[in-house]
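Novice: Here it is, the structure in full.
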Amino acid sequence: HVQLVESGGGSVQAGGSLRLACAASGVTTPSDDMGWFHEAPGKEREKIATIYTGTGSTYYGDSVKGRFAISQDKSKNTVYLQMNSLKPEDTGMYYCNGRWSRVQYTGQGTQVTVS
């Protein structure tokens, strides 16, 4: 079955950078799309970035535009999130999300703390 495993979270000072990765296993076809959600403490989970595998087109939420960049390595079924100019409000859990044949899967998340 499909599993998504995130890595790369941690603690960083404001203005710093982190790179998250999400590796998918148990898949035999390319994803429809993969992306990232952010859940800040006490707030609802928010979609912040998506990459559409077939076209390579991307979506970014307003809160991360110009600071974050999503990319993927199709050969590894892995998606990355380069996070620059981090702010304290970027603190929270980051969840990887992917769709295969219109079925959505979500990882366990990785914690990012910006101070």
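Chain lettering (A, B, ...) mirrors the order of the structure tokens, residue numbering begins at 1 for each chain separately, and ligand numbering begins at 1 in order of display.
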Please return as a PyMOL selection string: the residues of range 4-72 of chain A that backbone DSSP assigns to strand (DSSP E).

Specialist: chain A and resi 4-7+10-12+18-25+33-39+46-52+58-60+68-72

Novice: Tell me, as a compact mmCIF listing (two decimals) with N, CA and C atoms, in the first residue's frame, which residues lie within 8 Å of Leu86 in chain A, counting only C-alpha atoms; anything in the same chain fewer than 4 positions away does not count.

Specialist:
# COMPACT_ATOMS: atom_id res chain seq x y z
N GLN A 13 16.41 29.38 12.86
CA GLN A 13 16.14 30.77 13.22
C GLN A 13 15.40 31.46 12.08
N ALA A 14 14.66 32.48 12.44
CA ALA A 14 13.93 33.27 11.44
C ALA A 14 14.92 33.77 10.38
N GLY A 15 14.48 33.68 9.13
CA GLY A 15 15.33 34.06 8.01
C GLY A 15 16.12 32.90 7.42
N GLY A 16 16.12 31.79 8.14
CA GLY A 16 16.87 30.63 7.68
C GLY A 16 16.10 29.80 6.66
N SER A 17 16.69 28.66 6.32
CA SER A 17 16.11 27.78 5.30
C SER A 17 16.09 26.34 5.78
N ARG A 67 8.75 32.49 -1.34
CA ARG A 67 9.70 32.02 -0.32
C ARG A 67 9.94 30.51 -0.41
N ASP A 90 5.74 30.23 10.26
CA ASP A 90 5.88 29.00 9.48
C ASP A 90 6.02 27.78 10.40
N VAL A 114 10.40 27.59 13.90
CA VAL A 114 11.15 28.78 13.51
C VAL A 114 11.10 29.76 14.68

Novice: Tell me which of A:Gly54, A:Gly66, A:Gly109, A:Pro88 sits closest to Met34 in chain A, counting only C-alpha atoms.

Specialist: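 Closest candidate: A:Gly54.
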
Novice: For range 74-77 of chain A, work out the shell of residues within 9 Å, counting only C-alpha atoms and skipping chain neighbours fewer than 4 positions away, then give it as a list in words.

Specialist: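 With the cut-off at 9 Å, the set is Cys22, Ala23, Ala24, Ser25, Val27, Pro30, Ser31 and Thr53 of chain A.
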
Novice: Please determine, counting only C-alpha atoms, which residue among A:Asn97, A:Leu18, A:Asp73, A:Val103 has the shortest atom-to-atom distance to Ile48 in chain A.

Specialist: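 The closest residue to Ile48 in chain A is A:Asn97.
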